[in-house]
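Asker: My file is run19.pdb. It has PDB, C-alpha atoms:
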ATOM      1  CA  MET H   1      -6.078  11.438 -12.550
ATOM      2  CA  THR H   2      -2.751  12.325 -14.129
ATOM      3  CA  GLU H   3      -2.580  14.513 -17.215
ATOM      4  CA  LEU H   4      -1.217  11.581 -19.240
ATOM      5  CA  GLY H   5      -3.940   9.229 -17.998
ATOM      6  CA  GLU H   6      -6.687  11.729 -18.741
ATOM      7  CA  ARG H   7      -5.410  12.343 -22.263
ATOM      8  CA  LEU H   8      -4.974   8.658 -23.112
ATOM      9  CA  LEU H   9      -8.341   7.732 -21.613
ATOM     10  CA  ALA H  10     -10.149  10.244 -23.819
ATOM     11  CA  ARG H  11      -8.361   8.850 -26.871
ATOM     12  CA  ALA H  12      -9.039   5.225 -25.915
ATOM     13  CA  GLU H  13     -12.758   5.817 -25.312
ATOM     14  CA  ALA H  14     -13.116   7.692 -28.592
ATOM     15  CA  SER H  15     -11.177   5.033 -30.512
ATOM     16  CA  PHE H  16     -13.202   2.171 -29.037
ATOM     17  CA  ALA H  17     -16.520   3.933 -29.681
ATOM     18  CA  ASN H  18     -15.485   4.605 -33.278
ATOM     19  CA  LYS H  19     -14.474   0.983 -33.834
ATOM     20  CA  LEU H  20     -17.762  -0.278 -32.391
ATOM     21  CA  LYS H  21     -19.642   2.000 -34.754
ATOM     22  CA  LYS H  22     -17.680   1.218 -37.936
ATOM     23  CA  ASP H  23     -16.748  -2.464 -37.631
ATOM     24  CA  SER H  24     -18.802  -4.357 -40.229
ATOM     25  CA  LYS H  25     -18.560  -7.729 -38.476
ATOM     26  CA  LEU H  26     -19.770  -6.282 -35.188
ATOM     27  CA  ARG H  27     -22.663  -4.479 -36.864
ATOM     28  CA  GLN H  28     -23.672  -7.711 -38.585
ATOM     29  CA  LEU H  29     -23.632  -9.615 -35.284
ATOM     30  CA  ALA H  30     -25.647  -6.846 -33.591
ATOM     31  CA  ARG H  31     -28.300  -7.126 -36.320
ATOM     32  CA  LYS H  32     -28.431 -10.905 -35.884
ATOM     33  CA  ALA H  33     -28.809 -10.508 -32.120
ATOM     34  CA  ARG H  34     -32.135  -8.699 -32.569
ATOM     35  CA  LYS H  35     -33.752 -11.809 -34.054
ATOM     36  CA  THR H  36     -31.676 -14.884 -33.299
ATOM     37  CA  THR H  37     -32.225 -17.436 -30.550
ATOM     38  CA  SER H  38     -28.669 -18.763 -30.855
ATOM     39  CA  TYR H  39     -26.397 -17.658 -28.020
ATOM     40  CA  LYS H  40     -23.426 -18.271 -30.302
ATOM     41  CA  VAL H  41     -24.065 -14.794 -31.682
ATOM     42  CA  ALA H  42     -23.519 -13.291 -28.220
ATOM     43  CA  ASN H  43     -20.324 -15.343 -27.857
ATOM     44  CA  GLU H  44     -19.014 -14.155 -31.221
ATOM     45  CA  TYR H  45     -20.003 -10.558 -30.474
ATOM     46  CA  SER H  46     -18.164 -10.618 -27.146
ATOM     47  CA  ALA H  47     -14.968 -11.932 -28.762
ATOM     48  CA  ARG H  48     -15.069  -9.345 -31.550
ATOM     49  CA  ALA H  49     -15.822  -6.506 -29.117
ATOM     50  CA  GLY H  50     -12.835  -7.639 -27.039
ATOM     51  CA  GLU H  51     -10.613  -7.583 -30.126
ATOM     52  CA  LEU H  52     -11.689  -4.017 -30.924
ATOM     53  CA  CYS H  53     -11.219  -2.986 -27.302
ATOM     54  CA  SER H  54      -7.653  -4.326 -27.259
ATOM     55  CA  GLU H  55      -6.917  -2.620 -30.591
ATOM     56  CA  ALA H  56      -8.190   0.712 -29.253
ATOM     57  CA  LEU H  57      -5.982   0.391 -26.171
ATOM     58  CA  LYS H  58      -2.912  -0.514 -28.246
ATOM     59  CA  GLU H  59      -3.443   2.402 -30.620
ATOM     60  CA  THR H  60      -3.789   4.704 -27.624
ATOM     61  CA  CYS H  61      -0.979   3.493 -25.374
ATOM     62  CA  GLY H  62       1.357   2.072 -27.986
ATOM     63  CA  ASP H  63       3.259  -0.320 -25.742
ATOM     64  CA  MET H  64       2.996  -2.105 -22.408
ATOM     65  CA  ALA H  65       5.397   0.337 -20.743
ATOM     66  CA  THR H  66       2.945   3.189 -21.336
ATOM     67  CA  MET H  67      -0.008   0.976 -20.395
ATOM     68  CA  ALA H  68       1.698   0.185 -17.081
ATOM     69  CA  GLN H  69       1.785   3.915 -16.247
ATOM     70  CA  VAL H  70      -1.911   4.563 -16.909
ATOM     71  CA  ALA H  71      -3.570   1.142 -16.434
ATOM     72  CA  GLY H  72      -5.388   2.172 -13.260
ATOM     73  CA  GLU H  73      -6.845   5.229 -14.983
ATOM     74  CA  VAL H  74      -7.546   3.960 -18.509
ATOM     75  CA  LEU H  75      -8.606   0.339 -18.130
ATOM     76  CA  PRO H  76     -11.645   0.619 -15.776
ATOM     77  CA  PRO H  77     -13.705   3.035 -17.956
ATOM     78  CA  VAL H  78     -12.813   1.305 -21.233
ATOM     79  CA  LEU H  79     -13.536  -2.165 -19.861
ATOM     80  CA  ASP H  80     -16.818  -0.854 -18.452
ATOM     81  CA  ALA H  81     -17.759   0.352 -21.952
ATOM     82  CA  ASP H  82     -16.971  -3.111 -23.339
ATOM     83  CA  HIS H  83     -19.052  -4.690 -20.564
ATOM     84  CA  LYS H  84     -22.074  -2.540 -21.416
ATOM     85  CA  VAL H  85     -22.186  -3.324 -25.150
ATOM     86  CA  VAL H  86     -21.568  -7.067 -24.677
ATOM     87  CA  SER H  87     -24.116  -7.299 -21.856
ATOM     88  CA  GLU H  88     -26.706  -5.490 -23.975
ATOM     89  CA  VAL H  89     -26.309  -7.888 -26.915
ATOM     90  CA  SER H  90     -26.248 -10.934 -24.607
ATOM     91  CA  GLN H  91     -29.486  -9.802 -22.957
ATOM     92  CA  GLN H  92     -31.089  -9.275 -26.351
ATOM     93  CA  VAL H  93     -30.353 -12.850 -27.450
ATOM     94  CA  LEU H  94     -31.595 -14.243 -24.138
ATOM     95  CA  SER H  95     -34.779 -12.165 -24.456
ATOM     96  CA  ASN H  96     -35.375 -13.768 -27.849
ATOM     97  CA  ILE H  97     -34.905 -17.245 -26.348
ATOM     98  CA  ILE H  98     -37.302 -16.442 -23.504
ATOM     99  CA  GLU H  99     -39.909 -15.011 -25.859
ATOM    100  CA  GLU H 100     -39.658 -18.008 -28.189
ATOM    101  CA  ASN H 101     -40.574 -20.233 -25.257
ATOM    102  CA  GLY H 102     -43.667 -18.157 -24.488
ATOM    103  CA  LEU H 103     -42.435 -16.811 -21.145
ATOM    104  CA  GLU H 104     -42.681 -13.307 -19.732
ATOM    105  CA  LEU H 105     -39.345 -12.936 -17.995
ATOM    106  CA  PRO H 106     -36.752 -10.166 -18.221
ATOM    107  CA  ALA H 107     -33.228 -11.023 -19.348
ATOM    108  CA  LEU H 108     -30.898 -10.165 -16.473
ATOM    109  CA  PRO H 109     -27.631  -8.269 -17.051
ATOM    110  CA  ALA H 110     -24.296  -9.485 -15.723
ATOM    111  CA  GLU H 111     -22.693  -7.307 -13.069
ATOM    112  CA  LEU H 112     -19.371  -5.635 -13.833
ATOM    113  CA  ASP H 113     -16.631  -7.998 -12.608
ATOM    114  CA  LEU H 114     -14.405  -5.666 -10.617
ATOM    115  CA  ASN H 115     -12.083  -8.540  -9.677
ATOM    116  CA  ARG H 116     -11.292  -9.189 -13.342
ATOM    117  CA  VAL H 117     -10.723  -5.488 -13.949
ATOM    118  CA  SER H 118      -8.351  -5.316 -10.964
ATOM    119  CA  GLY H 119      -6.576  -8.424 -12.231
ATOM    120  CA  LEU H 120      -5.957  -6.843 -15.634
ATOM    121  CA  ILE H 121      -4.591  -3.707 -13.996
ATOM    122  CA  THR H 122      -2.239  -5.838 -11.880
ATOM    123  CA  VAL H 123      -1.014  -7.730 -14.956
ATOM    124  CA  ALA H 124      -0.419  -4.476 -16.858
ATOM    125  CA  GLN H 125       1.559  -3.021 -13.947
ATOM    126  CA  ALA H 126       3.681  -6.134 -13.337
ATOM    127  CA  PRO H 127       7.462  -5.552 -12.973
ATOM    128  CA  LEU H 128       8.042  -7.840 -15.960
ATOM    129  CA  PRO H 129       5.193  -6.973 -18.328
ATOM    130  CA  GLU H 130       4.052  -9.559 -20.849
ATOM    131  CA  SER H 131       3.849  -8.879 -24.568
ATOM    132  CA  TRP H 132       1.011  -6.806 -25.949
ATOM    133  CA  GLU H 133      -0.309  -9.819 -27.902
ATOM    134  CA  LEU H 134      -0.736 -11.811 -24.701
ATOM    135  CA  PHE H 135      -2.310  -8.868 -22.902
ATOM    136  CA  ALA H 136      -4.711  -8.378 -25.844
ATOM    137  CA  GLU H 137      -5.907 -11.959 -25.392
ATOM    138  CA  ARG H 138      -6.636 -11.184 -21.734
ATOM    139  CA  ILE H 139      -8.831  -8.276 -22.823
ATOM    140  CA  ILE H 140     -10.674 -10.541 -25.267
ATOM    141  CA  ASN H 141     -11.101 -13.190 -22.559
ATOM    142  CA  TYR H 142     -12.532 -10.524 -20.237
ATOM    143  CA  SER H 143     -15.055  -9.530 -22.902
ATOM    144  CA  GLN H 144     -16.071 -13.151 -23.501
ATOM    145  CA  ALA H 145     -16.587 -13.590 -19.762
ATOM    146  CA  VAL H 146     -19.300 -10.898 -19.854
ATOM    147  CA  ALA H 147     -21.395 -13.057 -22.217
ATOM    148  CA  ASP H 148     -20.643 -16.159 -20.126
ATOM    149  CA  GLU H 149     -21.642 -14.466 -16.857
ATOM    150  CA  THR H 150     -24.849 -13.103 -18.408
ATOM    151  CA  LEU H 151     -25.764 -16.649 -19.414
ATOM    152  CA  LYS H 152     -24.949 -18.044 -15.965
ATOM    153  CA  LYS H 153     -26.951 -15.375 -14.137
ATOM    154  CA  ASN H 154     -30.074 -16.001 -16.212
ATOM    155  CA  ALA H 155     -29.658 -19.780 -15.975
ATOM    156  CA  ALA H 156     -29.504 -19.525 -12.178
ATOM    157  CA  ARG H 157     -32.698 -17.451 -12.132
ATOM    158  CA  ASP H 158     -34.500 -19.838 -14.487
ATOM    159  CA  ALA H 159     -33.454 -22.857 -12.446
ATOM    160  CA  GLY H 160     -34.999 -21.177  -9.394
ATOM    161  CA  LEU H 161     -38.269 -20.839 -11.281
ATOM    162  CA  GLY H 162     -38.534 -24.570 -11.786
ATOM    163  CA  LEU H 163     -37.104 -24.643 -15.297
ATOM    164  CA  GLU H 164     -34.408 -27.089 -16.280
ATOM    165  CA  PRO H 165     -31.763 -24.920 -18.023
ATOM    166  CA  VAL H 166     -29.345 -26.697 -20.319
ATOM    167  CA  ILE H 167     -25.903 -25.454 -21.353
ATOM    168  CA  VAL H 168     -24.419 -26.692 -24.616
ATOM    169  CA  ARG H 169     -20.699 -26.038 -25.039
ATOM    170  CA  GLU H 170     -19.308 -26.399 -28.546
ATOM    171  CA  THR H 171     -15.885 -26.010 -30.096
ATOM    172  CA  ASP H 172     -16.046 -23.631 -33.008
ATOM    173  CA  ALA H 173     -14.170 -22.538 -36.089
ATOM    174  CA  PRO H 174     -11.651 -19.685 -35.691
ATOM    175  CA  SER H 175     -13.315 -16.427 -34.708
ATOM    176  CA  VAL H 176     -10.376 -14.469 -36.081
ATOM    177  CA  THR H 177      -9.888 -15.464 -39.728
ATOM    178  CA  PRO H 178      -6.176 -15.926 -40.441
ATOM    179  CA  GLY H 179      -4.847 -13.723 -43.230
ATOM    180  CA  LEU H 180      -1.986 -13.826 -45.691
ATOM    181  CA  LYS H 181       1.119 -11.778 -44.997
ATOM    182  CA  THR H 182       3.080 -10.606 -48.011
ATOM    183  CA  VAL H 183       6.881 -10.375 -47.826
ATOM    184  CA  ARG H 184       9.158  -9.209 -50.622
ATOM    185  CA  SER H 185      12.730 -10.515 -50.700
ATOM    186  CA  LYS H 186      15.769  -8.407 -51.590
ATOM    187  CA  LYS H 187      15.684  -9.926 -55.058
ATOM    188  CA  GLY H 188      12.097  -8.779 -55.516
ATOM    189  CA  LYS H 189      10.426 -12.169 -55.130
ATOM    190  CA  VAL H 190       7.096 -12.070 -53.309
ATOM    191  CA  TYR H 191       6.224 -14.647 -50.650
ATOM    192  CA  LYS H 192       2.863 -15.084 -48.933
ATOM    193  CA  TYR H 193       2.316 -17.051 -45.752
ATOM    194  CA  PRO H 194      -0.650 -17.375 -43.341
ATOM    195  CA  TYR H 195      -0.688 -15.646 -39.986
ATOM    196  CA  SER H 196      -3.078 -15.109 -37.115
ATOM    197  CA  LYS H 197      -3.651 -11.581 -35.840
ATOM    198  CA  TYR H 198      -3.665 -12.650 -32.193
ATOM    199  CA  ALA H 199      -0.677 -14.693 -31.088
ATOM    200  CA  GLY H 200      -2.632 -16.622 -28.477
ATOM    201  CA  TYR H 201      -5.323 -17.837 -30.843
ATOM    202  CA  GLU H 202      -5.543 -21.550 -31.530
ATOM    203  CA  LYS H 203      -7.966 -23.980 -33.044
ATOM    204  CA  PRO H 204      -9.864 -26.079 -30.465
ATOM    205  CA  CYS H 205      -7.442 -27.996 -28.244
ATOM    206  CA  GLU H 206      -7.986 -31.436 -26.734
ATOM    207  CA  TRP H 207      -9.113 -29.898 -23.418
ATOM    208  CA  CYS H 208     -11.847 -27.915 -25.181
ATOM    209  CA  LYS H 209     -12.880 -30.936 -27.250
ATOM    210  CA  GLN H 210     -13.346 -32.966 -24.070
ATOM    211  CA  LEU H 211     -15.530 -30.228 -22.553
ATOM    212  CA  ALA H 212     -17.812 -30.011 -25.579
ATOM    213  CA  GLY H 213     -21.234 -31.431 -24.781
ATOM    214  CA  THR H 214     -24.690 -30.840 -23.321
ATOM    215  CA  TYR H 215     -25.015 -30.249 -19.585
ATOM    216  CA  ALA H 216     -27.855 -29.749 -17.130
ATOM    217  CA  TYR H 217     -27.191 -26.356 -15.542
ATOM    218  CA  LYS H 218     -27.694 -27.805 -12.059
ATOM    219  CA  ASP H 219     -24.692 -30.094 -12.704
ATOM    220  CA  VAL H 220     -22.332 -27.282 -13.784
ATOM    221  CA  SER H 221     -23.626 -24.359 -11.690
ATOM    222  CA  GLY H 222     -20.849 -24.583  -9.117
ATOM    223  CA  SER H 223     -18.286 -21.803  -9.155
ATOM    224  CA  GLY H 224     -15.191 -22.627 -11.144
ATOM    225  CA  ASN H 225     -16.780 -25.377 -13.201
ATOM    226  CA  ASP H 226     -14.663 -26.097 -16.282
ATOM    227  CA  VAL H 227     -17.650 -25.800 -18.644
ATOM    228  CA  PHE H 228     -17.527 -22.019 -18.177
ATOM    229  CA  ARG H 229     -13.748 -21.711 -18.269
ATOM    230  CA  ARG H 230     -11.638 -20.466 -21.165
ATOM    231  CA  HIS H 231      -7.916 -20.641 -21.756
ATOM    232  CA  ARG H 232      -6.000 -17.977 -23.668
ATOM    233  CA  GLY H 233      -7.189 -17.904 -27.263
ATOM    234  CA  CYS H 234     -10.285 -20.033 -26.629
ATOM    235  CA  ARG H 235     -13.227 -19.342 -28.950
ATOM    236  CA  CYS H 236     -15.623 -22.061 -27.802
ATOM    237  CA  THR H 237     -19.288 -21.079 -27.808
ATOM    238  CA  THR H 238     -22.283 -21.879 -25.618
ATOM    239  CA  GLU H 239     -25.936 -22.418 -26.371
ATOM    240  CA  TYR H 240     -28.785 -22.018 -23.904
ATOM    241  CA  ARG H 241     -31.967 -24.068 -23.893
ATOM    242  CA  PHE H 242     -34.859 -24.572 -21.524
ATOM    243  CA  ASN H 243     -38.529 -25.507 -21.410
ATOM    244  CA  GLY H 244     -39.066 -25.864 -25.172
ATOM    245  CA  MET H 245     -36.076 -28.155 -25.737
ATOM    246  CA  ARG H 246     -37.081 -31.372 -27.467
ATOM    247  CA  GLN H 247     -34.555 -33.708 -25.885
ATOM    248  CA  ASP H 248     -33.913 -34.802 -22.333
ATOM    249  CA  VAL H 249     -30.137 -34.505 -21.877
ATOM    250  CA  TRP H 250     -30.006 -37.223 -19.224
ATOM    251  CA  SER H 251     -32.034 -40.031 -20.821
ATOM    252  CA  LYS H 252     -31.648 -38.779 -24.427
ATOM    253  CA  THR H 253     -35.323 -39.549 -25.008
ATOM    254  CA  VAL H 254     -37.460 -37.231 -27.090
ATOM    255  CA  TRP H 255     -39.868 -35.040 -25.137
ATOM    256  CA  THR H 256     -43.547 -35.308 -25.894
ATOM    257  CA  ASP H 257     -46.040 -32.438 -26.144
ATOM    258  CA  GLU H 258     -47.416 -33.602 -22.801
ATOM    259  CA  ASP H 259     -43.974 -33.171 -21.211
ATOM    260  CA  ALA H 260     -43.731 -29.647 -22.608
ATOM    261  CA  ASP H 261     -47.225 -28.774 -21.317
ATOM    262  CA  LYS H 262     -46.345 -30.052 -17.832
ATOM    263  CA  SER H 263     -43.168 -27.962 -17.828
ATOM    264  CA  LYS H 264     -45.074 -24.836 -18.856
ATOM    265  CA  GLU H 265     -47.698 -25.485 -16.169
ATOM    266  CA  LYS H 266     -44.971 -25.846 -13.552
ATOM    267  CA  ILE H 267     -43.455 -22.515 -14.586
ATOM    268  CA  ALA H 268     -46.854 -20.794 -14.511
ATOM    269  CA  GLN H 269     -47.533 -22.101 -10.999
ATOM    270  CA  THR H 270     -44.139 -20.909  -9.787
ATOM    271  CA  MET H 271     -44.661 -17.448 -11.277
ATOM    272  CA  LYS H 272     -48.164 -17.246  -9.749
ATOM    273  CA  ARG H 273     -46.838 -18.197  -6.318
ATOM    274  CA  ARG H 274     -44.098 -15.574  -6.509
ATOM    275  CA  GLN H 275     -46.596 -12.905  -7.545
ATOM    276  CA  GLN H 276     -48.824 -13.812  -4.591
ATOM    277  CA  GLU H 277     -45.847 -13.670  -2.233
ATOM    278  CA  GLN H 278     -44.902 -10.244  -3.596
ATOM    279  CA  LYS H 279     -48.457  -8.911  -3.150
ATOM    280  CA  ALA H 280     -48.583 -10.253   0.420
ATOM    281  CA  LYS H 281     -45.240  -8.592   1.172
ATOM    282  CA  GLU H 282     -46.452  -5.263  -0.214
ATOM    283  CA  ALA H 283     -49.646  -5.531   1.868
ATOM    284  CA  ARG H 284     -47.600  -6.150   5.039
ATOM    285  CA  MET H 285     -45.384  -3.150   4.298
ATOM    286  CA  ALA H 286     -48.398  -0.906   3.682
ATOM    287  CA  LYS H 287     -49.954  -2.062   6.966
ATOM    288  CA  LYS H 288     -46.707  -1.356   8.823
ATOM    289  CA  ARG H 289     -46.361   2.137   7.300
ATOM    290  CA  ALA H 290     -49.921   3.000   8.303
ATOM    291  CA  ALA H 291     -49.320   1.713  11.859
ATOM    292  CA  VAL H 292     -46.057   3.661  12.217
ATOM    293  CA  ASP H 293     -47.789   6.851  11.023
ATOM    294  CA  GLU H 294     -50.527   6.332  13.630
ATOM    295  CA  ILE H 295     -47.942   5.708  16.373
ATOM    296  CA  GLN H 296     -46.187   8.968  15.438
ATOM    297  CA  LYS H 297     -49.467  10.854  15.586
ATOM    298  CA  VAL H 298     -50.766   9.433  18.882
ATOM    299  CA  LEU H 299     -47.563   9.043  20.888
ATOM    300  CA  ARG H 300     -45.718  11.938  19.220
ATOM    301  CA  TYR H 301     -42.696   9.805  18.417
ATOM    302  CA  SER H 302     -40.138  10.489  15.712
ATOM    303  CA  PRO H 303     -40.308   8.256  12.597
ATOM    304  CA  ALA H 304     -37.393   6.189  13.922
ATOM    305  CA  GLY H 305     -38.955   5.951  17.382
ATOM    306  CA  ALA H 306     -42.328   4.944  15.966
ATOM    307  CA  GLY H 307     -40.643   2.236  13.917
ATOM    308  CA  LYS H 308     -38.876   0.853  16.995
ATOM    309  CA  PHE H 309     -42.134   0.903  18.970
ATOM    310  CA  TYR H 310     -43.924  -1.031  16.225
ATOM    311  CA  ASN H 311     -41.167  -3.653  16.050
ATOM    312  CA  ALA H 312     -41.115  -4.065  19.823
ATOM    313  CA  TYR H 313     -44.892  -4.531  20.128
ATOM    314  CA  LYS H 314     -45.661  -6.140  16.778
ATOM    315  CA  ASP H 315     -46.951  -9.380  18.297
ATOM    316  CA  GLN H 316     -49.308  -7.504  20.643
ATOM    317  CA  ILE H 317     -50.505  -5.266  17.801
ATOM    318  CA  ASP H 318     -51.271  -8.307  15.633
ATOM    319  CA  LYS H 319     -53.082 -10.038  18.514
ATOM    320  CA  TYR H 320     -55.011  -7.193  20.196
ATOM    321  CA  GLY H 321     -55.011  -4.426  17.588
ATOM    322  CA  LEU H 322     -53.117  -1.149  17.309
ATOM    323  CA  ASP H 323     -55.714   0.968  19.139
ATOM    324  CA  TYR H 324     -55.553  -1.250  22.231
ATOM    325  CA  VAL H 325     -51.729  -1.165  22.368
ATOM    326  CA  LEU H 326     -51.675   2.628  21.935
ATOM    327  CA  GLU H 327     -54.242   3.084  24.713
ATOM    328  CA  LEU H 328     -52.092   1.027  27.077
ATOM    329  CA  ALA H 329     -49.042   3.070  26.146
ATOM    330  CA  LEU H 330     -50.913   6.318  26.901
ATOM    331  CA  GLN H 331     -52.142   4.980  30.243
ATOM    332  CA  ASN H 332     -48.583   4.059  31.254
ATOM    333  CA  ARG H 333     -47.563   7.661  30.603
ATOM    334  CA  ARG H 334     -50.116   9.065  33.063
TER     335      ARG H 334
END
Take the structure I supplied and represent it as structure tokens, if you would.
Answerer:
Amino acid sequence: MTELGERLLARAEASFANKLKKDSKLRQLARKARKTTSYKVANEYSARAGELCSEALKETCGDMATMAQVAGEVLPPVLDADHKVVSEVSQQVLSNIIEENGLELPALPAELDLNRVSGLITVAQAPLPESWELFAERIINYSQAVADETLKKNAARDAGLGLEPVIVRETDAPSVTPGLKTVRSKKGKVYKYPYSKYAGYEKPCEWCKQLAGTYAYKDVSGSGNDVFRRHRGCRCTTEYRFNGMRQDVWSKTVWTDEDADKSKEKIAQTMKRRQQEQKAKEARMAKKRAAVDEIQKVLRYSPAGAGKFYNAYKDQIDKYGLDYVLELALQNRR
């Protein structure tokens, strides 16, 4: 790491950590996340964390020319820090949703998207760098993607358990509240006009309005589906529902208590089957370890050699027993 990169990285990490700690909006969203079952909170948290991350980087590097010099050194650790806080809040909200539905499942974290990180580094180092405002929106979009990927990963797991996950995409009001900029003319007259802090921010566009709706996860789980896509400045939110939802998104008919009970029973059966499969797997592994230890002892093989012997004669061991197979092996040595 270069001396410049090391110095700017330390400043960026400290600035971002300080902003996370002191930002009132972020603290409020973090408090909501402990109790809410609305994934909108995770969406809003991810956007705000991305804003603070971009601000910390701008304060540290100052301009895109400096960022281009240190992007490979500064961006990965800072983006990883953003990933961790957004993933933590997203998991918390999903845990609340799971608990509300009476299930005992862990909320899975999203993996760090190294391709996105590499893409941001490439953009920062481009021969013709874009403006800082546009680059800031890319950072925010990256942060939002952490919440989106956390949702997708858990939805995929829940679908595999026999649940019927539902994704609700909604257009939302501006996440960044426009302010009033004050300008004083040469004659001393004061003018005020509205502005948006991030140049790429827009109210919901027609594309986003068309995507708004309720979707069965199985219908939008394919990679690259538009429901999980965001353009620059997008602040659309997603909601996550399963099991306890009261409406069937295909027929639009209201679920009955009997439907909910059947769904819960299906989940319980799936979980029981998986637990049985796991216990059977552990029993097979324990049996193999014991057999390999015995092979080492009797035939004086190395651990690797004993493992190969077991794999080669597994069918005979299962059919005739380990003692019989070992006796034959000893006789062939004589």
Asker: Point out the residue among H:Gln210, H:Asn101, H:Gln316, H:Thr2 with the least atom-to-atom distance to Gly72 (chain H), counting only C-alpha atoms.
Answerer: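 Closest candidate: H:Thr2.
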Asker: Which residues would end up in the selection if the PyMOL selection byres ((chain H and resi 103-116) around 9) were applied here, given that I need the answer as an mmCIF file with C-alpha atoms, keeping the file's coordinate frame?
Answerer:
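File expr-v7.cif, as written:
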data_model
loop_
_atom_site.group_PDB
_atom_site.id
_atom_site.type_symbol
_atom_site.label_atom_id
_atom_site.label_comp_id
_atom_site.auth_asym_id
_atom_site.auth_seq_id
_atom_site.Cartn_x
_atom_site.Cartn_y
_atom_site.Cartn_z
ATOM 1 C CA PRO H 76 -11.645 0.619 -15.776
ATOM 2 C CA ASP H 80 -16.818 -0.854 -18.452
ATOM 3 C CA HIS H 83 -19.052 -4.690 -20.564
ATOM 4 C CA LYS H 84 -22.074 -2.540 -21.416
ATOM 5 C CA SER H 87 -24.116 -7.299 -21.856
ATOM 6 C CA GLU H 88 -26.706 -5.490 -23.975
ATOM 7 C CA SER H 90 -26.248 -10.934 -24.607
ATOM 8 C CA GLN H 91 -29.486 -9.802 -22.957
ATOM 9 C CA GLN H 92 -31.089 -9.275 -26.351
ATOM 10 C CA VAL H 93 -30.353 -12.850 -27.450
ATOM 11 C CA LEU H 94 -31.595 -14.243 -24.138
ATOM 12 C CA SER H 95 -34.779 -12.165 -24.456
ATOM 13 C CA ILE H 98 -37.302 -16.442 -23.504
ATOM 14 C CA GLU H 99 -39.909 -15.011 -25.859
ATOM 15 C CA GLU H 100 -39.658 -18.008 -28.189
ATOM 16 C CA ASN H 101 -40.574 -20.233 -25.257
ATOM 17 C CA GLY H 102 -43.667 -18.157 -24.488
ATOM 18 C CA VAL H 117 -10.723 -5.488 -13.949
ATOM 19 C CA SER H 118 -8.351 -5.316 -10.964
ATOM 20 C CA GLY H 119 -6.576 -8.424 -12.231
ATOM 21 C CA LEU H 120 -5.957 -6.843 -15.634
ATOM 22 C CA ILE H 121 -4.591 -3.707 -13.996
ATOM 23 C CA TYR H 142 -12.532 -10.524 -20.237
ATOM 24 C CA VAL H 146 -19.300 -10.898 -19.854
ATOM 25 C CA ALA H 147 -21.395 -13.057 -22.217
ATOM 26 C CA ASP H 148 -20.643 -16.159 -20.126
ATOM 27 C CA GLU H 149 -21.642 -14.466 -16.857
ATOM 28 C CA THR H 150 -24.849 -13.103 -18.408
ATOM 29 C CA LEU H 151 -25.764 -16.649 -19.414
ATOM 30 C CA LYS H 152 -24.949 -18.044 -15.965
ATOM 31 C CA LYS H 153 -26.951 -15.375 -14.137
ATOM 32 C CA ASN H 154 -30.074 -16.001 -16.212
ATOM 33 C CA ARG H 157 -32.698 -17.451 -12.132
ATOM 34 C CA LYS H 264 -45.074 -24.836 -18.856
ATOM 35 C CA ILE H 267 -43.455 -22.515 -14.586
ATOM 36 C CA ALA H 268 -46.854 -20.794 -14.511
#
Asker: Between H:Gly233, H:Tyr301, H:Lys287, H:Leu79, which one has atoms that come closest to Gly321 (chain H), using all atoms listed in the file?
Answerer: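 Closest to Gly321 (chain H) of all the choices is H:Lys287.
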Asker: Determine the residue membership of the PyMOL selection byres ((chain H and resi 44) around 9) for the file above and supply it as a list of chain:residue names.
Answerer: H:Leu26, H:Leu29, H:Tyr39, H:Lys40, H:Val41, H:Ala42, H:Asn43, H:Tyr45, H:Ser46, H:Ala47, H:Arg48, H:Ala49, H:Gln144, H:Ser175, H:Arg235, H:Thr237
Asker: Give the answer as one residue: which of H:Gly5, H:Gly50, H:Pro165, H:Pro77 has the shortest atom-to-atom distance to Val220 (chain H), using all atoms listed in the file?
Answerer: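 When distances to Val220 (chain H) are compared using all atoms listed in the file, the smallest one comes from H:Pro165.
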Asker: For the interface of region 55-95 of chain H with region 8-24 of chain H (cut-off 10 Å, counting all atoms listed in the file), please tabulate each contacting residue of region 55-95 of chain H alongside its nearest pair of atoms and their separation in Å to one decimal, rows sorted by chain and increasing number, as JSON lines.
Answerer:
{"residue": "H:Glu55", "atom": "CA", "partner": "H:Phe16", "partner_atom": "CA", "distance": 8.1}
{"residue": "H:Ala56", "atom": "CA", "partner": "H:Phe16", "partner_atom": "CA", "distance": 5.2}
{"residue": "H:Leu57", "atom": "CA", "partner": "H:Ala12", "partner_atom": "CA", "distance": 5.7}
{"residue": "H:Lys58", "atom": "CA", "partner": "H:Ala12", "partner_atom": "CA", "distance": 8.7}
{"residue": "H:Glu59", "atom": "CA", "partner": "H:Ala12", "partner_atom": "CA", "distance": 7.8}
{"residue": "H:Thr60", "atom": "CA", "partner": "H:Ala12", "partner_atom": "CA", "distance": 5.5}
{"residue": "H:Cys61", "atom": "CA", "partner": "H:Leu8", "partner_atom": "CA", "distance": 6.9}
{"residue": "H:Thr66", "atom": "CA", "partner": "H:Leu8", "partner_atom": "CA", "distance": 9.8}
{"residue": "H:Met67", "atom": "CA", "partner": "H:Leu8", "partner_atom": "CA", "distance": 9.5}
{"residue": "H:Val70", "atom": "CA", "partner": "H:Leu8", "partner_atom": "CA", "distance": 8.0}
{"residue": "H:Ala71", "atom": "CA", "partner": "H:Leu9", "partner_atom": "CA", "distance": 9.6}
{"residue": "H:Glu73", "atom": "CA", "partner": "H:Leu9", "partner_atom": "CA", "distance": 7.2}
{"residue": "H:Val74", "atom": "CA", "partner": "H:Leu9", "partner_atom": "CA", "distance": 4.9}
{"residue": "H:Leu75", "atom": "CA", "partner": "H:Leu9", "partner_atom": "CA", "distance": 8.2}
{"residue": "H:Pro76", "atom": "CA", "partner": "H:Leu9", "partner_atom": "CA", "distance": 9.8}
{"residue": "H:Pro77", "atom": "CA", "partner": "H:Glu13", "partner_atom": "CA", "distance": 7.9}
{"residue": "H:Val78", "atom": "CA", "partner": "H:Glu13", "partner_atom": "CA", "distance": 6.1}
{"residue": "H:Leu79", "atom": "CA", "partner": "H:Glu13", "partner_atom": "CA", "distance": 9.7}
{"residue": "H:Ala81", "atom": "CA", "partner": "H:Glu13", "partner_atom": "CA", "distance": 8.1}
{"residue": "H:Asp82", "atom": "CA", "partner": "H:Phe16", "partner_atom": "CA", "distance": 8.6}
{"residue": "H:Val85", "atom": "CA", "partner": "H:Leu20", "partner_atom": "CA", "distance": 9.0}
